[in-house]
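*Asks:* Next comes the structure file model.cif, holding mmCIF, N, CA, C and O atoms.
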data_upload
loop_
_atom_site.label_atom_id
_atom_site.label_comp_id
_atom_site.auth_asym_id
_atom_site.auth_seq_id
_atom_site.Cartn_x
_atom_site.Cartn_y
_atom_site.Cartn_z
N LEU A 201 40.47 -19.48 6.81
CA LEU A 201 39.24 -18.74 7.02
C LEU A 201 39.03 -18.45 8.50
O LEU A 201 39.42 -19.25 9.35
N ASP A 202 38.40 -17.32 8.78
CA ASP A 202 38.13 -16.86 10.14
C ASP A 202 39.40 -16.66 10.97
O ASP A 202 39.33 -16.59 12.19
N GLN A 203 40.55 -16.57 10.31
CA GLN A 203 41.80 -16.29 11.02
C GLN A 203 42.56 -15.18 10.32
O GLN A 203 42.63 -14.06 10.82
N ARG A 204 43.15 -15.50 9.16
CA ARG A 204 43.91 -14.48 8.43
C ARG A 204 43.92 -14.79 6.94
O ARG A 204 43.68 -15.92 6.54
N ALA A 205 44.21 -13.74 6.15
CA ALA A 205 44.25 -13.88 4.70
C ALA A 205 45.16 -12.81 4.13
O ALA A 205 45.51 -11.84 4.82
N ILE A 206 45.53 -13.00 2.87
CA ILE A 206 46.43 -12.06 2.20
C ILE A 206 45.94 -11.82 0.77
O ILE A 206 45.35 -12.71 0.16
N SER A 207 46.18 -10.61 0.28
CA SER A 207 45.84 -10.23 -1.09
C SER A 207 46.99 -9.40 -1.65
O SER A 207 47.53 -8.53 -0.95
N ILE A 208 47.35 -9.66 -2.90
CA ILE A 208 48.44 -8.92 -3.54
C ILE A 208 47.93 -8.32 -4.84
O ILE A 208 47.36 -9.03 -5.67
N VAL A 209 48.13 -7.01 -5.00
CA VAL A 209 47.70 -6.29 -6.20
C VAL A 209 48.83 -5.39 -6.66
O VAL A 209 49.43 -4.67 -5.84
N THR A 210 49.12 -5.42 -7.95
CA THR A 210 50.07 -4.47 -8.55
C THR A 210 49.26 -3.36 -9.20
O THR A 210 48.36 -3.63 -10.01
N ILE A 211 49.54 -2.14 -8.84
CA ILE A 211 48.78 -0.98 -9.33
C ILE A 211 49.04 -0.77 -10.82
O ILE A 211 50.19 -0.60 -11.25
N GLN A 212 47.95 -0.78 -11.58
CA GLN A 212 47.99 -0.66 -13.04
C GLN A 212 47.59 0.75 -13.49
O GLN A 212 47.04 1.53 -12.70
N THR A 213 47.82 1.04 -14.75
CA THR A 213 47.53 2.36 -15.33
C THR A 213 46.09 2.80 -15.09
O THR A 213 45.85 3.97 -14.76
N GLU A 214 45.13 1.90 -15.24
CA GLU A 214 43.72 2.27 -15.09
C GLU A 214 43.32 2.54 -13.63
O GLU A 214 42.21 3.00 -13.36
N GLN A 215 44.21 2.29 -12.69
CA GLN A 215 43.92 2.50 -11.27
C GLN A 215 44.54 3.79 -10.71
O GLN A 215 44.42 4.05 -9.52
N VAL A 216 45.19 4.56 -11.55
CA VAL A 216 45.87 5.77 -11.09
C VAL A 216 45.30 7.02 -11.76
O VAL A 216 44.65 6.94 -12.81
N PHE A 217 45.55 8.17 -11.14
CA PHE A 217 45.25 9.45 -11.78
C PHE A 217 46.27 9.66 -12.89
O PHE A 217 47.48 9.48 -12.68
N SER A 218 45.81 10.07 -14.07
CA SER A 218 46.71 10.21 -15.22
C SER A 218 47.75 11.31 -15.01
O SER A 218 48.89 11.19 -15.47
N ARG A 219 47.42 12.37 -14.29
CA ARG A 219 48.33 13.51 -14.16
C ARG A 219 49.50 13.26 -13.22
O ARG A 219 50.56 13.84 -13.37
N ASN A 220 49.33 12.37 -12.21
CA ASN A 220 50.41 12.19 -11.24
C ASN A 220 50.76 10.72 -10.96
O ASN A 220 51.64 10.46 -10.15
N LYS A 221 50.06 9.80 -11.59
CA LYS A 221 50.34 8.35 -11.47
C LYS A 221 50.19 7.81 -10.04
O LYS A 221 50.83 6.85 -9.66
N ILE A 222 49.34 8.48 -9.24
CA ILE A 222 49.05 8.03 -7.88
C ILE A 222 47.75 7.23 -7.89
O ILE A 222 46.77 7.62 -8.54
N ALA A 223 47.75 6.11 -7.18
CA ALA A 223 46.58 5.23 -7.14
C ALA A 223 45.37 5.94 -6.56
O ALA A 223 45.48 6.70 -5.58
N ARG A 224 44.23 5.69 -7.15
CA ARG A 224 42.97 6.21 -6.62
C ARG A 224 42.65 5.43 -5.35
O ARG A 224 42.76 4.21 -5.31
N GLY A 225 42.28 6.14 -4.31
CA GLY A 225 42.08 5.55 -2.99
C GLY A 225 41.05 4.44 -2.95
O GLY A 225 41.19 3.48 -2.17
N HIS A 226 40.02 4.53 -3.79
CA HIS A 226 38.99 3.50 -3.72
C HIS A 226 39.50 2.12 -4.14
O HIS A 226 38.94 1.11 -3.74
N HIS A 227 40.61 2.06 -4.87
CA HIS A 227 41.18 0.75 -5.22
C HIS A 227 41.84 0.11 -3.99
O HIS A 227 41.74 -1.10 -3.79
N LEU A 228 42.52 0.91 -3.17
CA LEU A 228 43.12 0.37 -1.94
C LEU A 228 42.03 -0.05 -0.97
O LEU A 228 42.12 -1.11 -0.32
N PHE A 229 40.97 0.77 -0.87
CA PHE A 229 39.85 0.41 -0.01
C PHE A 229 39.18 -0.88 -0.50
O PHE A 229 38.87 -1.77 0.30
N ALA A 230 38.96 -0.98 -1.80
CA ALA A 230 38.29 -2.16 -2.36
C ALA A 230 39.09 -3.43 -2.10
O ALA A 230 38.52 -4.48 -1.78
N GLN A 231 40.40 -3.36 -2.24
CA GLN A 231 41.24 -4.53 -1.96
C GLN A 231 41.06 -4.95 -0.50
O GLN A 231 40.85 -6.13 -0.20
N ALA A 232 41.12 -4.00 0.42
CA ALA A 232 41.01 -4.30 1.85
C ALA A 232 39.61 -4.80 2.21
O ALA A 232 39.46 -5.79 2.94
N ASN A 233 38.58 -4.14 1.70
CA ASN A 233 37.21 -4.54 2.01
C ASN A 233 36.89 -5.92 1.45
O ASN A 233 36.29 -6.75 2.12
N SER A 234 37.33 -6.18 0.22
CA SER A 234 37.11 -7.50 -0.39
C SER A 234 37.81 -8.60 0.40
O SER A 234 37.28 -9.69 0.57
N LEU A 235 39.00 -8.29 0.90
CA LEU A 235 39.73 -9.26 1.71
C LEU A 235 39.02 -9.51 3.04
O LEU A 235 38.94 -10.66 3.49
N ALA A 236 38.48 -8.45 3.64
CA ALA A 236 37.74 -8.61 4.90
C ALA A 236 36.51 -9.49 4.70
O ALA A 236 36.18 -10.32 5.56
N VAL A 237 35.84 -9.37 3.58
CA VAL A 237 34.69 -10.22 3.26
C VAL A 237 35.15 -11.65 3.01
O VAL A 237 34.57 -12.61 3.52
N ALA A 238 36.22 -11.81 2.24
CA ALA A 238 36.69 -13.15 1.84
C ALA A 238 37.19 -13.98 3.01
O ALA A 238 37.08 -15.21 2.98
N VAL A 239 37.75 -13.36 4.04
CA VAL A 239 38.32 -14.11 5.16
C VAL A 239 37.23 -14.69 6.07
O VAL A 239 37.49 -15.60 6.85
N ILE A 240 36.00 -14.18 5.96
CA ILE A 240 34.89 -14.66 6.79
C ILE A 240 34.39 -16.00 6.23
O ILE A 240 34.02 -16.09 5.07
N ASN A 241 34.37 -17.01 7.08
CA ASN A 241 33.93 -18.35 6.68
C ASN A 241 32.41 -18.46 6.88
O ASN A 241 31.94 -18.98 7.89
N ASP A 242 31.67 -17.91 5.93
CA ASP A 242 30.22 -17.92 6.02
C ASP A 242 29.63 -17.76 4.62
O ASP A 242 30.32 -17.31 3.70
N GLU A 243 28.36 -18.12 4.49
CA GLU A 243 27.66 -17.97 3.20
C GLU A 243 27.59 -16.52 2.77
O GLU A 243 27.68 -16.20 1.60
N LEU A 244 27.41 -15.63 3.75
CA LEU A 244 27.26 -14.22 3.45
C LEU A 244 27.98 -13.39 4.51
O LEU A 244 27.80 -13.62 5.70
N ALA A 245 28.78 -12.45 4.08
CA ALA A 245 29.44 -11.50 4.97
C ALA A 245 29.30 -10.12 4.34
O ALA A 245 29.57 -9.95 3.15
N LEU A 246 28.85 -9.17 5.14
CA LEU A 246 28.65 -7.80 4.67
C LEU A 246 29.34 -6.82 5.60
O LEU A 246 29.34 -7.01 6.82
N THR A 247 29.87 -5.77 5.03
CA THR A 247 30.53 -4.74 5.83
C THR A 247 29.48 -3.82 6.45
O THR A 247 28.67 -3.24 5.74
N LYS A 248 29.51 -3.70 7.77
CA LYS A 248 28.63 -2.77 8.47
C LYS A 248 29.27 -1.40 8.55
O LYS A 248 28.64 -0.38 8.28
N LYS A 249 30.55 -1.39 8.91
CA LYS A 249 31.25 -0.13 9.16
C LYS A 249 32.74 -0.34 8.94
O LYS A 249 33.25 -1.43 9.17
N SER A 250 33.41 0.70 8.52
CA SER A 250 34.87 0.64 8.41
C SER A 250 35.48 1.94 8.90
O SER A 250 34.89 3.01 8.76
N GLU A 251 36.65 1.81 9.50
CA GLU A 251 37.45 2.96 9.90
C GLU A 251 38.77 2.80 9.17
O GLU A 251 39.52 1.85 9.43
N ILE A 252 39.06 3.71 8.24
CA ILE A 252 40.24 3.56 7.40
C ILE A 252 41.16 4.75 7.51
O ILE A 252 40.75 5.85 7.90
N SER A 253 42.42 4.51 7.16
CA SER A 253 43.41 5.57 7.15
C SER A 253 44.43 5.29 6.04
O SER A 253 44.97 4.19 5.96
N PHE A 254 44.65 6.28 5.19
CA PHE A 254 45.66 6.19 4.16
C PHE A 254 46.95 6.76 4.74
O PHE A 254 46.98 7.91 5.18
N LYS A 255 48.02 5.99 4.75
CA LYS A 255 49.27 6.39 5.38
C LYS A 255 50.24 7.07 4.43
O LYS A 255 51.03 7.91 4.84
N ARG A 256 50.20 6.67 3.16
CA ARG A 256 51.00 7.35 2.13
C ARG A 256 50.43 7.02 0.76
O ARG A 256 49.69 6.07 0.59
N GLN A 257 50.81 7.82 -0.22
CA GLN A 257 50.35 7.59 -1.59
C GLN A 257 50.99 6.33 -2.16
O GLN A 257 52.15 6.01 -1.85
N VAL A 258 50.22 5.63 -3.01
CA VAL A 258 50.73 4.45 -3.71
C VAL A 258 50.81 4.82 -5.18
O VAL A 258 49.91 5.44 -5.74
N LYS A 259 51.92 4.44 -5.82
CA LYS A 259 52.18 4.87 -7.19
C LYS A 259 52.03 3.72 -8.19
O LYS A 259 52.07 2.55 -7.82
N LEU A 260 51.90 4.11 -9.44
CA LEU A 260 51.80 3.17 -10.55
C LEU A 260 52.94 2.15 -10.48
O LEU A 260 54.10 2.52 -10.28
N GLY A 261 52.59 0.88 -10.62
CA GLY A 261 53.59 -0.19 -10.64
C GLY A 261 53.94 -0.76 -9.28
O GLY A 261 54.58 -1.81 -9.20
N GLU A 262 53.54 -0.09 -8.19
CA GLU A 262 53.85 -0.62 -6.87
C GLU A 262 52.94 -1.81 -6.54
O GLU A 262 51.78 -1.84 -6.93
N GLN A 263 53.50 -2.76 -5.82
CA GLN A 263 52.76 -3.95 -5.41
C GLN A 263 52.25 -3.73 -3.98
O GLN A 263 53.03 -3.46 -3.07
N VAL A 264 50.94 -3.86 -3.81
CA VAL A 264 50.30 -3.66 -2.51
C VAL A 264 49.94 -5.03 -1.93
O VAL A 264 49.21 -5.80 -2.56
N VAL A 265 50.48 -5.31 -0.75
CA VAL A 265 50.19 -6.57 -0.05
C VAL A 265 49.29 -6.24 1.13
O VAL A 265 49.71 -5.54 2.06
N ALA A 266 48.04 -6.71 1.05
CA ALA A 266 47.07 -6.49 2.13
C ALA A 266 47.01 -7.75 2.98
O ALA A 266 46.91 -8.86 2.46
N LYS A 267 47.06 -7.56 4.30
CA LYS A 267 47.01 -8.68 5.24
C LYS A 267 45.83 -8.45 6.18
O LYS A 267 45.75 -7.42 6.83
N ALA A 268 44.94 -9.44 6.24
CA ALA A 268 43.75 -9.36 7.09
C ALA A 268 43.90 -10.31 8.27
O ALA A 268 44.43 -11.41 8.12
N GLU A 269 43.42 -9.85 9.42
CA GLU A 269 43.40 -10.70 10.61
C GLU A 269 42.04 -10.55 11.27
O GLU A 269 41.59 -9.43 11.54
N VAL A 270 41.37 -11.69 11.52
CA VAL A 270 40.10 -11.67 12.23
C VAL A 270 40.40 -11.52 13.71
O VAL A 270 41.18 -12.29 14.28
N LEU A 271 39.80 -10.52 14.33
CA LEU A 271 40.04 -10.22 15.73
C LEU A 271 39.12 -11.06 16.62
O LEU A 271 38.10 -11.56 16.16
N PRO A 272 39.48 -11.20 17.90
CA PRO A 272 38.63 -11.97 18.82
C PRO A 272 37.20 -11.45 18.84
O PRO A 272 36.97 -10.23 18.74
N GLU A 273 36.25 -12.36 18.94
CA GLU A 273 34.82 -12.04 18.92
C GLU A 273 34.45 -11.14 20.10
O GLU A 273 34.99 -11.28 21.19
N THR A 274 33.55 -10.21 19.85
CA THR A 274 33.03 -9.35 20.92
C THR A 274 31.57 -9.70 21.16
O THR A 274 30.99 -10.51 20.45
N ASP A 275 30.94 -9.06 22.12
CA ASP A 275 29.54 -9.34 22.43
C ASP A 275 28.57 -8.61 21.51
O ASP A 275 27.37 -8.65 21.71
N THR A 276 29.07 -7.96 20.47
CA THR A 276 28.21 -7.20 19.56
C THR A 276 27.55 -8.10 18.50
O THR A 276 26.64 -7.66 17.83
N GLY A 277 28.06 -9.32 18.35
CA GLY A 277 27.55 -10.19 17.30
C GLY A 277 28.17 -9.90 15.95
O GLY A 277 27.82 -10.52 14.95
N LEU A 278 29.10 -8.96 15.90
CA LEU A 278 29.80 -8.62 14.66
C LEU A 278 31.20 -9.22 14.69
O LEU A 278 31.76 -9.47 15.75
N THR A 279 31.75 -9.44 13.51
CA THR A 279 33.12 -9.91 13.41
C THR A 279 33.99 -8.73 12.97
O THR A 279 33.68 -8.06 11.99
N ASN A 280 35.06 -8.47 13.71
CA ASN A 280 35.98 -7.39 13.37
C ASN A 280 37.18 -7.95 12.63
O ASN A 280 37.76 -8.95 13.05
N VAL A 281 37.53 -7.29 11.53
CA VAL A 281 38.68 -7.70 10.73
C VAL A 281 39.60 -6.50 10.57
O VAL A 281 39.18 -5.43 10.12
N GLN A 282 40.86 -6.67 10.97
CA GLN A 282 41.88 -5.64 10.80
C GLN A 282 42.63 -5.93 9.51
O GLN A 282 43.10 -7.05 9.31
N VAL A 283 42.73 -4.93 8.64
CA VAL A 283 43.48 -5.08 7.38
C VAL A 283 44.56 -4.01 7.33
O VAL A 283 44.27 -2.82 7.50
N ASN A 284 45.78 -4.43 7.11
CA ASN A 284 46.91 -3.52 6.91
C ASN A 284 47.50 -3.80 5.54
O ASN A 284 47.74 -4.96 5.19
N SER A 285 47.75 -2.75 4.78
CA SER A 285 48.31 -2.88 3.44
C SER A 285 49.70 -2.27 3.39
O SER A 285 49.92 -1.19 3.94
N TYR A 286 50.59 -2.95 2.70
CA TYR A 286 52.00 -2.57 2.66
C TYR A 286 52.53 -2.50 1.23
O TYR A 286 52.10 -3.26 0.36
N VAL A 287 53.50 -1.62 1.02
CA VAL A 287 54.34 -1.62 -0.18
C VAL A 287 55.76 -1.78 0.34
O VAL A 287 56.25 -0.94 1.10
N LYS A 288 56.40 -2.88 -0.03
CA LYS A 288 57.77 -3.17 0.43
C LYS A 288 57.89 -3.00 1.95
O LYS A 288 58.76 -2.28 2.43
N ASN A 289 57.01 -3.61 2.70
CA ASN A 289 57.00 -3.58 4.17
C ASN A 289 56.70 -2.21 4.78
O ASN A 289 56.82 -2.03 5.98
N GLU A 290 56.33 -1.22 3.97
CA GLU A 290 55.94 0.09 4.48
C GLU A 290 54.41 0.16 4.52
O GLU A 290 53.74 -0.07 3.50
N LEU A 291 53.85 0.49 5.67
CA LEU A 291 52.40 0.58 5.82
C LEU A 291 51.87 1.74 4.99
O LEU A 291 52.33 2.88 5.13
N VAL A 292 50.90 1.44 4.10
CA VAL A 292 50.32 2.48 3.25
C VAL A 292 48.83 2.69 3.50
O VAL A 292 48.27 3.72 3.12
N PHE A 293 48.18 1.70 4.13
CA PHE A 293 46.74 1.77 4.37
C PHE A 293 46.43 0.89 5.56
O PHE A 293 47.02 -0.18 5.74
N THR A 294 45.48 1.32 6.38
CA THR A 294 45.00 0.48 7.48
C THR A 294 43.49 0.64 7.58
O THR A 294 42.95 1.72 7.30
N GLY A 295 42.83 -0.45 7.93
CA GLY A 295 41.38 -0.40 8.07
C GLY A 295 40.88 -1.41 9.09
O GLY A 295 41.42 -2.52 9.19
N LEU A 296 39.87 -1.00 9.83
CA LEU A 296 39.17 -1.90 10.74
C LEU A 296 37.76 -2.04 10.19
O LEU A 296 37.05 -1.05 10.04
N PHE A 297 37.37 -3.27 9.88
CA PHE A 297 36.08 -3.54 9.26
C PHE A 297 35.20 -4.32 10.22
O PHE A 297 35.61 -5.37 10.73
N GLN A 298 34.00 -3.79 10.49
CA GLN A 298 33.01 -4.52 11.27
C GLN A 298 32.10 -5.25 10.28
O GLN A 298 31.51 -4.61 9.40
N MET A 299 32.02 -6.57 10.44
CA MET A 299 31.33 -7.40 9.46
C MET A 299 30.10 -8.09 10.05
O MET A 299 30.18 -8.67 11.13
N TYR A 300 28.98 -8.01 9.30
CA TYR A 300 27.83 -8.86 9.59
C TYR A 300 28.12 -10.21 8.96
O TYR A 300 28.75 -10.29 7.90
N ARG A 301 27.63 -11.29 9.57
CA ARG A 301 27.70 -12.61 8.96
C ARG A 301 26.37 -13.30 9.19
O ARG A 301 25.65 -12.94 10.12
N THR A 302 26.06 -14.30 8.37
CA THR A 302 24.74 -14.92 8.46
C THR A 302 24.61 -15.89 9.63
O THR A 302 23.52 -16.19 10.06
N SER A 303 25.71 -16.38 10.15
CA SER A 303 25.63 -17.32 11.26
C SER A 303 26.71 -17.00 12.29
O SER A 303 27.66 -16.27 12.02
N ASP A 304 26.54 -17.55 13.50
CA ASP A 304 27.56 -17.40 14.53
C ASP A 304 28.70 -18.36 14.24
O ASP A 304 28.52 -19.39 13.61
N LYS A 305 29.89 -18.02 14.72
CA LYS A 305 31.06 -18.89 14.49
C LYS A 305 30.92 -20.21 15.19
O LYS A 305 30.33 -20.49 16.10
#
Mind turning the file's structure into structure tokens?
*Replies:*
Amino acid sequence: LDQRAISIVTIQTEQVFSRNKIARGHHLFAQANSLAVAVINDELALTKKSEISFKRQVKLGEQVVAKAEVLPETDTGLTNVQVNSYVKNELVFTGLFQMYRTSDK
């Protein structure tokens, strides 16, 4: 906690568009955002802001490995979490999440 975390998801049929079998973007975002919340060692952590980028499409059956790293504290009182998601070591999604927390570290 408050350092790094990992999440692994295999893209299922209900997470893709039926016509092209490409994952809906909100599933990749949800995995990353949930991981950013989970890595915070506090009673409550909420996302204030996120800056995200989709690097390539993810397809049905691919395994997405999201890796979160808590960045050094800034004077803003917020905790920044960098999340990068990979399929077979290829970057497919990146996000920087600014997190509110209920207490100071």
*Asks:* Quick one: residues within 10 Å of segment 225-240 of chain A, only C-alpha atoms counted, chain neighbours fewer than 3 positions away excluded, as a PyMOL selection string?
*Replies:* chain A and resi 201-209+211+215-216+222+243-247+250+252-254+257-258+264-270+279-285+292-301+305
*Asks:* If you run DSSP on the backbone, which residues of segment 219-268 of chain A are helix (DSSP H, G or I), as a VMD selection string?
*Replies:* chain A and resid 225 to 238
*Asks:* Choose the residue, out of A:Thr276, A:Glu262, A:Lys255, A:Leu271, that has the smallest atom-to-atom separation from Lys288 of chain A; count all atoms listed in the file.
*Replies:*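 The shortest atom-to-atom distance to Lys288 of chain A comes from A:Glu262.
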*Asks:* Around segment 278-289 of chain A, fit a box with edges along x, y and z, padding it by 3 Å on each side, then list its centre and edge lengths in Å to one decimal as AutoDock Vina command-line options.
*Replies:*
--center_x 43.9 --center_y -5.4 --center_z 7.9 --size_x 35.7 --size_y 15.0 --size_z 22.1
*Asks:* Quick one: distance from atom C of Asn220 of chain A to atom N of Lys259 of chain A in Å, one decimal?
*Replies:*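 Those two atoms sit 8.2 Å apart.
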